[in-house]
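Asker: Take a look at the following structure, please.
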Amino acid sequence: MTTKPETESKSTARRDFLRDIERKYQAEWEKDKVFEVDPGQPGDEKFFVTFPFPYMNGKLHLGHGFSFSKAEFAVGYNRMKGRKALLPFGFHVTGTPIAACAEKLKKEVAQYGLPPQFPPEEEEVKASPTEKSAADKATSGKFSGKKLKKAANKPQWLIMRDMGLTDDEIGQFRDPDHWLKVFPNKALDDLKTFGSRIDFRRSFITTDRNPYFDSFVKWQFRHLKAADKLSFGKRYTIWSTHDNGPCQDHDRSSGEGVQAQEQTLIKIEVQNPLEQECLKPHADVLKGMKVILPAATLRPETMFGQTNCWILPEGEYSAYQITDTEVFITSERAAINMAWQELGKQLNCTPTPLFTIKGQEMMGLPLSAPNCTFPTVYALPMMTISMEKGTGIVTSVPSDSPDDYMSLMDLKNKPEWRAKLGIKDEWIMPFEVVPIIDIPGFGDRAAETVCKEMKIQSQKDQDNLVKAKAEVYLKGFTEGVMIVDAWKGKMVKDVKPLIRQQMIDNNLALKYAEPESKVVGRSGDICVVALVDQWYLKYGEEEWRDIVKDHIDNKLETYTYGTRRGFEETIGWLNEHACSRTFGLGTSMPFPGPFNYLIDSLSDSTIYMAYYTVSHYLCGGARYNGQLPTEDNAHLNMDGSKPSPSGIKPEDLTDQVWDYIFLGTPALEALDTSIPKDLLQKMRSEFLFWYPMDLRVSGKDLIQNHLTMCLYNHAAIFPKEQWPSSIYCNGHILVDNEKMAKSKGNFLTLEYVVNEYSCDATRITLADAGDGLDDANFVRTVVNAQILKLTKEIDWVKDMLAQAEAGELRTGEYNFFDRVFENAINKIIMAVDKAYAGMMFREAIQTGWFGFQNTRDEYRQAISAGKTFDNNRSFHRDLFFRFVEVQALVMTPITPHFCEHLWKGLLGKPGSVHNAKFPEPTKPVDLELEMSNVYLVDTLHNFRQAIQKSMKKSKTKPTHGVVYVTEEYQDWQKKAVKLVRDVYEQEKEIPKDLSKRVAADPELKKDLKLIMGFVAMLKDQLAKFGEGVFKDTPIVQELKLLEEQKDYVQGQLGLAELKVYGAADTSAPDEGKQKARSEVGKPSSNFWVQEPSAAP
């Protein structure tokens, strides 16, 4: 059933009010061109941030919004810090998905009519958007939970209906170019509705449909080839058999990041095949042929330890002729891989088998295994084999494989199971573990050792076997030493490739590759690994890799350790990348060849950030020639189909021109071009002003491909000073702690959340959802609460403005609580400034929104309490205006519409809040004042507890009280402060073993218990106030503070009289013998009931 919007049954007046002011100010910003940013003068501070352009085969969703918000918040903040801040945004249409979807629509129309009349099993249970109410259509973008059995099998037409499109509209998407017109413009609308600070003049689409961008990418690839970073030849690549081309990360519906994994195909030969019962029926096709059970392995060096071969009893195996003399019996999936790797008589297809055979039929086949100690081993059953991975044939090396060891032991130790499976004793009982590798800590029977240590009892204990395998395999490779004669004493990692090559040279093995795990293309096909001629980028080439690694290690800011670690790992394994295909949309490789090779979607998106700096001269994006969008022509020239605003034609953009713009060579005077020289000089200057890119924001999943490739390509083309300065990565977004998925009914489009919850409430919730690489959580109760909070804050400001207009707010000299509030505002400004600078937006929102409001409310409560204050004139007028201004300024990066409304609409400030500067503290933060306020609050709390305790005895509320204050540290406290300060200055933390250090000091040991309690207080103060708390004398002047605030404290406690004394004052009475109980920071007290004097 369709999930209804959260607020459907509630009044939407507050949400609608927010949407109204959002639309109002967005229109003003667009009219005033607030976000169109031109370069400043040389030396001016600048901030250039980019976000990976999204793929345009559908609407933007909340995941896009979450990652993009990080860039958007950052550009807003840096703009307010006085920097020229630029955020451009383009739209990616390169690759196979759009072409594949258009092709699917064509096929569905051809098969089922226009519009398609699908059979019942293809249709969804829920009504299509065409049957929904107008209200439902207005919030289209939230998907219901009832889907087809498998999303991959769902008709494309129905997927398009889920997007809110009518059948008449969907029919037009059979043309791939229609996608390029609709979805980029729709995304642009959604970004504007999100309040994005984007310079839309620079927006564009990719592929040869945009001749300007097409020219730029071809220039890039000619440079890569000239630098020997691009080559052509046969390489393994993940391959879509449906699209007949490489299937890179952006082309996949699942399996992103999966690589082609090269393995070794071991030729295990069936002995006397025509004498084996299971093969006799196929003698006509096997006559004169060797019958091979090919086993794919990553560990060819372990073949010396084979004791048998594993087969899945229920597996469906097929026989294929591979050479003139060899037949392979393998899984169908492996046969397809082989066919695409030039292995077999039938190439580049799904080969037709000679015959099929069940695994159970092959049990007990006598085999000759390469490098095996035993002349004959047998085919035995293993129940955990997958027919979708490898060949369905598995070598058995129980000395070094925990899986093999436990499977072998299960068969040896369970005669009844052997009998049930029809396994003869002579096939298994004579075969013992063969030691081949000595591993430190594990010995020469590593699998047996680890299985016993982990108490693994059976091959069914898969979780522990996975852990055991990882441990044995890693240590075996890195530390293992061969003990077999031919390779004795040599390290496994050194001889592994030598043993492999020797087996291949002796025709005992073949090179083979498979995807590391399942990969499904956008067309719905399960991908294979193909060995094909293709263009490939030489990522991983030693010199190129090393300069990129040096940049990561020494120059690149990554904000989190996890991000840096991700780059380090990717640099370690990223290798040659197939960058061409023959199907889909894109830019053609600018080199002659037998095919029209297209550049893949990962490879045309590595340096386009440079293109942003001049793209507005070429296309004009959504503000073509400075015109505002109109209803008839909303987004004018993102494809460059209209004349350039500057008069530049695509054919004018020769390699020489691009070289000058981005590399500064040749000299301007030497250029042979029709483009005016002053225009080219202006474009060159603009590039130099904005580059390098100051910040790239992305989801963490792009570290393993796009982001690392971005660094590689910048290193190949630009000088070092123009390589990216920083990259920020975030985790995925959850919705109410669940992964966002259409099948769960919580897949939210950006359009939907903005219309349902308002833009600023959404932005607050995205900021609050989380930072860093951990997955963040968008909570719908939180976003609903923000609607109320935003509108109530506006109501409060209006009310206070009316009071100020009427002269009802207090003026004059600040009292203690005014000074505390002013001080808190200054501290909040500094904390929020630091959080924004560090890309810690959750911290910024916690401090600058939730925390700031709480601080304001505490101030209101403090000044409204006590008999010395006039409740009707409590809020100081100057502080009210200071608070609202600062609130508007610190929140502008996150809630620009709300803040513009405060700034212009309510405070009447001239100009947009976007052009205002980030607030500065009025004075340095006063630590003593801050700590004094906390002391006063804590002390009042303690006094209330003391009064409650006294009332349990007297049953009457006290009327009088006395307080004793200690003003100086005792000697042991002074020593403790010095000890903690010295340790903290050296180690920048208070270590857990501090008590041992105190105990080691003879002077402090005797007061250990007291000191550790005091240290706990210092540690708490450190967390709250910073390292300024380590003073030799108490920071808070307690006696002076309580004397000054005596009337306030007395009023808060409801006492008729309160007296304050220094504990060291010998003339003061010792009421209740409390003097001696007083400590620094913990005044002692006594409260009692005093009867009123009798009347005269």
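By order in the structure tokens, chains are A, B, ...; within a chain, residues start at 1; ligands start at 1, following the order shown.
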Any idea what's packed within 10 Å of stretch 581-584 of chain A, counting only C-alpha atoms, ignoring anything in its chain fewer than 5 positions away? Could you give it as a CSV table (one decimal) with C-alpha atoms, in the first residue's frame?
Answerer:
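Contents of the output file selection_8.csv:
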```csv
chain,number,residue,atom,x,y,z
A,93,VAL,CA,24.5,11.6,-18.8
A,94,THR,CA,27.5,9.6,-20.0
A,95,GLY,CA,27.3,5.8,-20.0
A,96,THR,CA,24.9,3.0,-20.6
A,97,PRO,CA,22.0,3.4,-18.2
A,98,ILE,CA,20.0,6.0,-20.2
A,99,ALA,CA,20.6,4.2,-23.5
A,100,ALA,CA,19.7,0.9,-21.8
A,176,PRO,CA,17.7,8.7,-25.2
A,207,THR,CA,28.5,13.7,-23.8
A,239,TRP,CA,31.8,-6.9,-19.2
A,242,HIS,CA,23.9,-7.4,-23.1
A,243,ASP,CA,25.5,-4.1,-23.9
A,244,ASN,CA,28.5,-5.7,-25.4
A,245,GLY,CA,30.9,-3.4,-23.6
A,246,PRO,CA,32.7,-2.8,-20.3
A,247,CYS,CA,30.4,-2.3,-17.3
A,248,GLN,CA,32.1,0.2,-15.0
A,251,ASP,CA,26.9,1.4,-15.3
A,534,GLN,CA,40.1,-1.7,-25.3
A,535,TRP,CA,41.5,1.6,-24.2
A,589,MET,CA,37.8,8.4,-28.2
A,595,PHE,CA,35.1,0.9,-33.6
A,596,ASN,CA,33.6,4.1,-32.4
A,597,TYR,CA,34.9,3.7,-28.8
A,598,LEU,CA,33.1,5.9,-26.3
A,599,ILE,CA,34.9,7.2,-23.1
A,600,ASP,CA,33.3,5.7,-20.0
A,601,SER,CA,31.4,7.6,-17.4
```
Asker: Near A:Val327, within 8 Å and counting only C-alpha atoms, which residues show up once chain neighbours fewer than 6 positions away are dropped, as an mmCIF file with all heavy atoms, in the first residue's frame?
Answerer:
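New file around38.cif:
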```
data_model
loop_
_atom_site.group_PDB
_atom_site.id
_atom_site.type_symbol
_atom_site.label_atom_id
_atom_site.label_comp_id
_atom_site.auth_asym_id
_atom_site.auth_seq_id
_atom_site.Cartn_x
_atom_site.Cartn_y
_atom_site.Cartn_z
ATOM 1 N N LEU A 286 33.582 -37.567 -26.628
ATOM 2 C CA LEU A 286 34.793 -37.537 -25.810
ATOM 3 C C LEU A 286 35.922 -38.374 -26.397
ATOM 4 O O LEU A 286 37.053 -38.346 -25.892
ATOM 5 C CB LEU A 286 34.486 -38.027 -24.385
ATOM 6 C CG LEU A 286 33.511 -37.185 -23.563
ATOM 7 C CD1 LEU A 286 33.303 -37.790 -22.189
ATOM 8 C CD2 LEU A 286 34.005 -35.743 -23.438
ATOM 9 N N MET A 289 39.662 -37.300 -26.642
ATOM 10 C CA MET A 289 39.761 -36.026 -25.934
ATOM 11 C C MET A 289 40.221 -36.247 -24.490
ATOM 12 O O MET A 289 39.898 -37.261 -23.858
ATOM 13 C CB MET A 289 38.404 -35.308 -25.903
ATOM 14 C CG MET A 289 37.742 -35.139 -27.271
ATOM 15 S SD MET A 289 38.640 -34.009 -28.352
ATOM 16 C CE MET A 289 38.217 -32.448 -27.606
ATOM 17 N N LYS A 290 40.975 -35.277 -23.974
ATOM 18 C CA LYS A 290 41.236 -35.227 -22.544
ATOM 19 C C LYS A 290 40.026 -34.573 -21.876
ATOM 20 O O LYS A 290 39.501 -33.567 -22.382
ATOM 21 C CB LYS A 290 42.485 -34.403 -22.240
ATOM 22 C CG LYS A 290 43.788 -35.035 -22.699
ATOM 23 C CD LYS A 290 44.956 -34.141 -22.309
ATOM 24 C CE LYS A 290 46.288 -34.746 -22.726
ATOM 25 N NZ LYS A 290 47.437 -33.883 -22.354
ATOM 26 N N VAL A 291 39.594 -35.136 -20.753
ATOM 27 C CA VAL A 291 38.472 -34.556 -20.013
ATOM 28 C C VAL A 291 39.045 -33.869 -18.775
ATOM 29 O O VAL A 291 39.715 -34.520 -17.948
ATOM 30 C CB VAL A 291 37.435 -35.616 -19.625
ATOM 31 C CG1 VAL A 291 36.321 -34.985 -18.796
ATOM 32 C CG2 VAL A 291 36.872 -36.274 -20.879
ATOM 33 N N ILE A 292 38.814 -32.594 -18.684
ATOM 34 C CA ILE A 292 39.406 -31.763 -17.622
ATOM 35 C C ILE A 292 38.314 -31.246 -16.693
ATOM 36 O O ILE A 292 37.269 -30.757 -17.149
ATOM 37 C CB ILE A 292 40.171 -30.558 -18.227
ATOM 38 C CG1 ILE A 292 41.225 -31.030 -19.241
ATOM 39 C CG2 ILE A 292 40.783 -29.707 -17.134
ATOM 40 C CD1 ILE A 292 42.338 -31.853 -18.660
ATOM 41 N N ALA A 319 29.585 -29.849 -20.235
ATOM 42 C CA ALA A 319 30.849 -30.127 -20.909
ATOM 43 C C ALA A 319 30.983 -29.239 -22.139
ATOM 44 O O ALA A 319 30.026 -29.077 -22.905
ATOM 45 C CB ALA A 319 30.920 -31.593 -21.294
ATOM 46 N N TYR A 320 32.181 -28.647 -22.321
ATOM 47 C CA TYR A 320 32.432 -27.745 -23.438
ATOM 48 C C TYR A 320 33.777 -28.087 -24.061
ATOM 49 O O TYR A 320 34.754 -28.354 -23.350
ATOM 50 C CB TYR A 320 32.464 -26.291 -22.964
ATOM 51 C CG TYR A 320 31.213 -25.833 -22.271
ATOM 52 C CD1 TYR A 320 31.066 -25.996 -20.895
ATOM 53 C CD2 TYR A 320 30.178 -25.244 -22.978
ATOM 54 C CE1 TYR A 320 29.922 -25.582 -20.237
ATOM 55 C CE2 TYR A 320 29.023 -24.821 -22.329
ATOM 56 C CZ TYR A 320 28.898 -24.995 -20.971
ATOM 57 O OH TYR A 320 27.761 -24.580 -20.321
ATOM 58 N N GLN A 321 33.826 -28.082 -25.376
ATOM 59 C CA GLN A 321 35.114 -28.285 -26.038
ATOM 60 C C GLN A 321 35.892 -26.980 -25.992
ATOM 61 O O GLN A 321 35.440 -25.944 -26.471
ATOM 62 C CB GLN A 321 34.949 -28.747 -27.485
ATOM 63 C CG GLN A 321 36.275 -29.103 -28.132
ATOM 64 C CD GLN A 321 36.126 -29.760 -29.493
ATOM 65 O OE1 GLN A 321 35.028 -30.079 -29.912
ATOM 66 N NE2 GLN A 321 37.231 -29.961 -30.194
#
```
Asker: Just list the residues in stretch 798-983 of chain A DSSP gives helix (DSSP H, G or I) on the backbone, as a ChimeraX atom specification.
Answerer: /A:798-805,816-837,841-864,871-873,877-891,896-906,913-915,927-954,971-983
Asker: Emit the selected residues as a short mmCIF file (atom, residue, chain, number, x, y, z; two decimals), in the first residue's frame, including C-alpha atoms.
Answerer:
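Writing the result to again.cif gives the following:
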```cif
data_model
loop_
_atom_site.label_atom_id
_atom_site.label_comp_id
_atom_site.auth_asym_id
_atom_site.auth_seq_id
_atom_site.Cartn_x
_atom_site.Cartn_y
_atom_site.Cartn_z
CA LYS A 798 7.86 39.08 16.07
CA ASP A 799 6.50 39.30 19.61
CA MET A 800 9.78 40.62 20.97
CA LEU A 801 10.05 43.18 18.18
CA ALA A 802 6.61 44.45 19.12
CA GLN A 803 7.77 44.75 22.75
CA ALA A 804 10.89 46.59 21.64
CA GLU A 805 8.80 48.96 19.52
CA PHE A 816 25.45 39.74 35.80
CA PHE A 817 23.10 37.60 33.71
CA ASP A 818 23.29 40.00 30.79
CA ARG A 819 27.06 39.74 30.86
CA VAL A 820 26.82 35.93 31.07
CA PHE A 821 24.52 35.84 28.04
CA GLU A 822 26.72 38.22 26.05
CA ASN A 823 29.71 36.05 26.94
CA ALA A 824 27.85 32.89 25.90
CA ILE A 825 26.98 34.44 22.53
CA ASN A 826 30.64 35.20 21.92
CA LYS A 827 31.65 31.65 22.81
CA ILE A 828 28.94 30.16 20.57
CA ILE A 829 30.14 32.29 17.65
CA MET A 830 33.66 30.92 18.07
CA ALA A 831 32.48 27.31 18.48
CA VAL A 832 30.22 27.42 15.44
CA ASP A 833 32.94 29.11 13.38
CA LYS A 834 35.33 26.28 14.29
CA ALA A 835 32.74 23.59 13.52
CA TYR A 836 31.96 25.02 10.07
CA ALA A 837 35.67 25.35 9.26
CA PHE A 841 27.93 20.50 10.51
CA ARG A 842 26.18 18.42 13.15
CA GLU A 843 28.32 20.12 15.76
CA ALA A 844 27.53 23.49 14.19
CA ILE A 845 23.78 22.80 14.35
CA GLN A 846 23.95 21.42 17.87
CA THR A 847 25.77 24.54 19.07
CA GLY A 848 24.42 27.25 16.79
CA TRP A 849 20.77 26.16 16.76
CA PHE A 850 19.75 23.79 19.55
CA GLY A 851 22.44 24.97 21.98
CA PHE A 852 22.00 28.67 21.17
CA GLN A 853 18.25 28.46 21.73
CA ASN A 854 18.79 26.67 25.04
CA THR A 855 21.27 29.37 26.11
CA ARG A 856 18.73 32.06 25.25
CA ASP A 857 16.04 30.23 27.24
CA GLU A 858 18.35 29.86 30.25
CA TYR A 859 19.00 33.60 30.12
CA ARG A 860 15.28 34.34 29.97
CA GLN A 861 14.68 32.05 32.94
CA ALA A 862 17.50 33.58 34.97
CA ILE A 863 16.49 37.19 34.44
CA SER A 864 12.80 36.45 34.97
CA ASN A 871 9.30 40.45 34.89
CA ASN A 872 7.72 42.74 32.31
CA ARG A 873 11.04 44.34 31.41
CA ARG A 877 16.92 45.29 24.40
CA ASP A 878 20.49 45.30 23.07
CA LEU A 879 20.92 41.61 23.81
CA PHE A 880 17.67 40.74 22.09
CA PHE A 881 18.83 42.33 18.83
CA ARG A 882 22.32 40.88 19.26
CA PHE A 883 20.85 37.41 19.74
CA VAL A 884 18.57 37.56 16.68
CA GLU A 885 21.32 38.95 14.45
CA VAL A 886 23.83 36.33 15.53
CA GLN A 887 21.22 33.59 15.26
CA ALA A 888 20.48 34.64 11.71
CA LEU A 889 24.15 34.83 10.75
CA VAL A 890 25.42 31.57 12.28
CA MET A 891 22.51 29.63 10.80
CA PRO A 896 19.17 30.48 4.52
CA HIS A 897 15.44 31.19 4.03
CA PHE A 898 14.63 31.37 7.74
CA CYS A 899 17.67 33.57 8.28
CA GLU A 900 16.84 35.85 5.35
CA HIS A 901 13.39 36.27 6.85
CA LEU A 902 14.89 37.24 10.20
CA TRP A 903 17.48 39.49 8.57
CA LYS A 904 15.43 41.32 5.97
CA GLY A 905 11.83 40.54 6.74
CA LEU A 906 11.85 41.14 10.50
CA VAL A 913 21.94 37.86 4.57
CA HIS A 914 24.05 35.92 2.05
CA ASN A 915 26.15 39.05 1.64
CA LEU A 927 36.38 32.25 31.40
CA GLU A 928 35.75 33.50 34.92
CA LEU A 929 32.33 34.83 33.98
CA GLU A 930 31.41 31.58 32.26
CA MET A 931 32.57 29.45 35.17
CA SER A 932 30.88 31.77 37.64
CA ASN A 933 27.54 31.24 35.96
CA VAL A 934 27.95 27.47 35.96
CA TYR A 935 29.06 27.65 39.60
CA LEU A 936 25.97 29.66 40.49
CA VAL A 937 23.64 27.19 38.75
CA ASP A 938 25.32 24.17 40.34
CA THR A 939 25.42 25.78 43.77
CA LEU A 940 21.72 26.63 43.62
CA HIS A 941 21.01 23.00 42.71
CA ASN A 942 23.03 21.79 45.70
CA PHE A 943 21.30 24.24 48.04
CA ARG A 944 17.89 23.06 46.86
CA GLN A 945 18.91 19.48 47.59
CA ALA A 946 20.08 20.53 51.06
CA ILE A 947 16.75 22.25 51.71
CA GLN A 948 14.85 19.19 50.56
CA LYS A 949 16.92 17.08 52.93
CA SER A 950 16.23 19.41 55.87
CA MET A 951 12.49 19.34 55.14
CA LYS A 952 12.43 15.56 55.55
CA LYS A 953 13.23 16.14 59.22
CA SER A 954 11.35 19.36 60.00
CA ASP A 971 48.49 22.64 49.51
CA TRP A 972 47.54 19.21 48.15
CA GLN A 973 45.13 20.81 45.71
CA LYS A 974 47.83 23.16 44.42
CA LYS A 975 50.12 20.19 43.88
CA ALA A 976 47.36 18.31 42.13
CA VAL A 977 46.67 21.23 39.77
CA LYS A 978 50.35 21.46 38.89
CA LEU A 979 50.60 17.71 38.30
CA VAL A 980 47.55 17.61 36.03
CA ARG A 981 48.62 20.75 34.16
CA ASP A 982 52.11 19.39 33.52
CA VAL A 983 50.75 16.04 32.32
#
```
Asker: Find the residue from A:Asp38, A:Asp175, A:Glu361, A:Asp546 that sits nearest to A:Gly422; use only C-alpha atoms when measuring.
Answerer: A:Glu361
Asker: Compare A:Ala610, A:Leu62, A:Ile159, A:Val450 by their minimum atom-to-atom distance to A:Asp190, counting only C-alpha atoms, and give me the closest one.
Answerer: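 Distance minimum relative to A:Asp190 lands on A:Leu62.
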Asker: Taking a cut-off of 8 Å and counting only C-alpha atoms, can you build a table that, for each residue of stretch 447-525 of chain A near stretch 295-314 of chain A, reports the nearest atom pair and how far apart they are in Å (one decimal), sorted by chain then residue number, as JSON lines?
Answerer:
```
{"residue": "A:Val484", "atom": "CA", "partner": "A:Phe304", "partner_atom": "CA", "distance": 7.6}
{"residue": "A:Val492", "atom": "CA", "partner": "A:Glu301", "partner_atom": "CA", "distance": 7.5}
{"residue": "A:Val495", "atom": "CA", "partner": "A:Glu301", "partner_atom": "CA", "distance": 7.6}
{"residue": "A:Lys496", "atom": "CA", "partner": "A:Glu301", "partner_atom": "CA", "distance": 5.4}
{"residue": "A:Ile499", "atom": "CA", "partner": "A:Glu301", "partner_atom": "CA", "distance": 5.9}
{"residue": "A:Arg500", "atom": "CA", "partner": "A:Pro300", "partner_atom": "CA", "distance": 5.7}
{"residue": "A:Tyr512", "atom": "CA", "partner": "A:Ala296", "partner_atom": "CA", "distance": 7.6}
```
Asker: I'd like the neighbourhood of stretch 561-564 of chain A as a VMD selection string, where a residue qualifies if any of its atoms comes within 12 Å (using only C-alpha atoms), though same-chain residues fewer than 6 positions away should be ignored.
Answerer: chain A and resid 549 551 to 555 570 to 571 697 to 704 707 to 708 726 to 731 772 to 774
Asker: Take the selection from the previous step and output its residues with N, CA, C and O atoms, as a CSV table (one decimal), in the first residue's frame.
Answerer:
```csv
chain,number,residue,atom,x,y,z
A,549,LYS,N,50.3,9.3,-4.5
A,549,LYS,CA,50.4,8.9,-3.1
A,549,LYS,C,51.1,10.0,-2.3
A,549,LYS,O,50.7,10.3,-1.1
A,551,HIS,N,51.0,13.1,-2.8
A,551,HIS,CA,50.0,14.2,-2.6
A,551,HIS,C,49.0,13.9,-1.5
A,551,HIS,O,48.7,14.7,-0.7
A,552,ILE,N,48.6,12.6,-1.5
A,552,ILE,CA,47.6,12.2,-0.5
A,552,ILE,C,48.3,12.2,0.9
A,552,ILE,O,47.7,12.7,1.9
A,553,ASP,N,49.6,11.8,1.0
A,553,ASP,CA,50.3,11.7,2.2
A,553,ASP,C,50.6,13.1,2.8
A,553,ASP,O,50.6,13.3,4.0
A,554,ASN,N,50.9,14.0,1.9
A,554,ASN,CA,51.6,15.3,2.4
A,554,ASN,C,50.8,16.6,2.1
A,554,ASN,O,51.1,17.6,2.7
A,555,LYS,N,49.8,16.5,1.2
A,555,LYS,CA,49.1,17.8,0.8
A,555,LYS,C,47.6,17.7,1.0
A,555,LYS,O,47.0,18.7,1.3
A,570,THR,N,43.1,2.3,-1.7
A,570,THR,CA,42.7,2.3,-3.1
A,570,THR,C,44.0,2.5,-4.0
A,570,THR,O,44.2,1.8,-5.0
A,571,ILE,N,44.9,3.4,-3.5
A,571,ILE,CA,46.1,3.6,-4.3
A,571,ILE,C,46.9,2.3,-4.3
A,571,ILE,O,47.6,2.0,-5.3
A,697,VAL,N,33.4,17.3,-2.4
A,697,VAL,CA,32.5,16.6,-1.4
A,697,VAL,C,31.9,15.4,-2.1
A,697,VAL,O,31.4,15.5,-3.3
A,698,SER,N,31.9,14.3,-1.5
A,698,SER,CA,31.4,13.1,-2.1
A,698,SER,C,31.0,12.0,-1.1
A,698,SER,O,31.5,12.1,0.1
A,699,GLY,N,30.2,11.1,-1.5
A,699,GLY,CA,29.9,9.9,-0.7
A,699,GLY,C,31.2,9.0,-0.6
A,699,GLY,O,32.0,9.0,-1.5
A,700,LYS,N,31.3,8.3,0.5
A,700,LYS,CA,32.6,7.5,0.7
A,700,LYS,C,32.8,6.4,-0.4
A,700,LYS,O,33.9,6.0,-0.6
A,701,ASP,N,31.7,6.0,-1.0
A,701,ASP,CA,31.8,4.9,-2.0
A,701,ASP,C,32.6,5.3,-3.2
A,701,ASP,O,33.0,4.4,-4.0
A,702,LEU,N,32.8,6.6,-3.4
A,702,LEU,CA,33.5,7.0,-4.6
A,702,LEU,C,35.1,7.1,-4.4
A,702,LEU,O,35.8,7.4,-5.3
A,703,ILE,N,35.5,6.8,-3.2
A,703,ILE,CA,36.9,6.8,-2.9
A,703,ILE,C,37.6,5.8,-3.8
A,703,ILE,O,38.7,6.0,-4.4
A,704,GLN,N,37.0,4.6,-3.9
A,704,GLN,CA,37.6,3.5,-4.6
A,704,GLN,C,37.6,3.7,-6.1
A,704,GLN,O,38.2,2.8,-6.8
A,707,LEU,N,37.1,9.4,-7.0
A,707,LEU,CA,37.9,10.3,-6.3
A,707,LEU,C,39.4,10.1,-6.5
A,707,LEU,O,40.2,11.0,-6.7
A,708,THR,N,39.8,8.8,-6.4
A,708,THR,CA,41.2,8.5,-6.7
A,708,THR,C,41.6,8.7,-8.1
A,708,THR,O,42.7,9.2,-8.4
A,726,SER,N,41.5,19.6,-0.9
A,726,SER,CA,40.8,18.8,0.1
A,726,SER,C,39.7,18.0,-0.4
A,726,SER,O,39.0,18.4,-1.4
A,727,ILE,N,39.4,16.9,0.2
A,727,ILE,CA,38.3,16.0,-0.2
A,727,ILE,C,37.6,15.6,1.1
A,727,ILE,O,38.2,15.0,2.0
A,728,TYR,N,36.3,15.8,1.1
A,728,TYR,CA,35.5,15.4,2.3
A,728,TYR,C,34.5,14.3,1.8
A,728,TYR,O,33.8,14.5,0.8
A,729,CYS,N,34.5,13.2,2.6
A,729,CYS,CA,33.6,12.1,2.3
A,729,CYS,C,32.6,11.9,3.4
A,729,CYS,O,33.0,12.0,4.6
A,730,ASN,N,31.4,11.5,3.1
A,730,ASN,CA,30.4,11.2,4.1
A,730,ASN,C,29.9,9.8,3.9
A,730,ASN,O,30.1,9.2,2.8
A,731,GLY,N,29.2,9.3,4.9
A,731,GLY,CA,28.5,8.0,4.8
A,731,GLY,C,27.2,8.1,4.0
A,731,GLY,O,26.8,9.1,3.5
A,772,GLY,N,31.1,12.8,8.8
A,772,GLY,CA,32.1,11.7,8.7
A,772,GLY,C,31.6,10.5,7.9
A,772,GLY,O,30.6,10.6,7.2
A,773,LEU,N,32.3,9.4,8.0
A,773,LEU,CA,32.1,8.2,7.2
A,773,LEU,C,31.0,7.3,7.7
A,773,LEU,O,30.5,6.5,7.0
A,774,ASP,N,30.6,7.5,9.0
A,774,ASP,CA,29.5,6.6,9.5
A,774,ASP,C,28.2,7.0,8.8
A,774,ASP,O,27.9,8.1,8.4
```
Asker: Can you pull out every residue within 12 Å of A:Met1017, counting only C-alpha atoms, but drop anything in the same chain fewer than 3 positions away, and send it as a list of chain:residue names?
Answerer: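 My reading of the contact set: A:Gln973, A:Ala976, A:Val977, A:Val980, A:Ile990, A:Leu1010, A:Ile1011, A:Met1012, A:Gly1013, A:Phe1014, A:Asp1020, A:Gln1021, A:Leu1022, A:Ala1023, A:Lys1024, A:Phe1025, A:Val1029, A:Phe1030, A:Val1080, A:Gly1081, A:Lys1082.
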Asker: Next, dump the selected residues to file, keeping only C-alpha atoms, as a compact mmCIF listing (two decimals), in the first residue's frame.
Answerer:
```txt
# COMPACT_ATOMS: atom_id res chain seq x y z
CA GLN A 973 45.13 20.81 45.71
CA ALA A 976 47.36 18.31 42.13
CA VAL A 977 46.67 21.23 39.77
CA VAL A 980 47.55 17.61 36.03
CA ILE A 990 44.43 13.34 31.32
CA LEU A 1010 41.04 13.31 47.86
CA ILE A 1011 43.28 14.12 44.90
CA MET A 1012 41.53 11.76 42.51
CA GLY A 1013 38.16 13.28 43.42
CA PHE A 1014 39.63 16.74 42.80
CA ASP A 1020 35.02 17.87 34.05
CA GLN A 1021 36.01 21.55 33.93
CA LEU A 1022 38.50 20.82 31.17
CA ALA A 1023 35.75 19.28 29.03
CA LYS A 1024 33.46 22.26 29.62
CA PHE A 1025 35.83 25.22 29.58
CA VAL A 1029 41.06 25.86 34.08
CA PHE A 1030 44.53 24.77 35.26
CA VAL A 1080 36.70 25.19 46.85
CA GLY A 1081 33.81 24.93 44.41
CA LYS A 1082 31.58 23.26 47.03
```
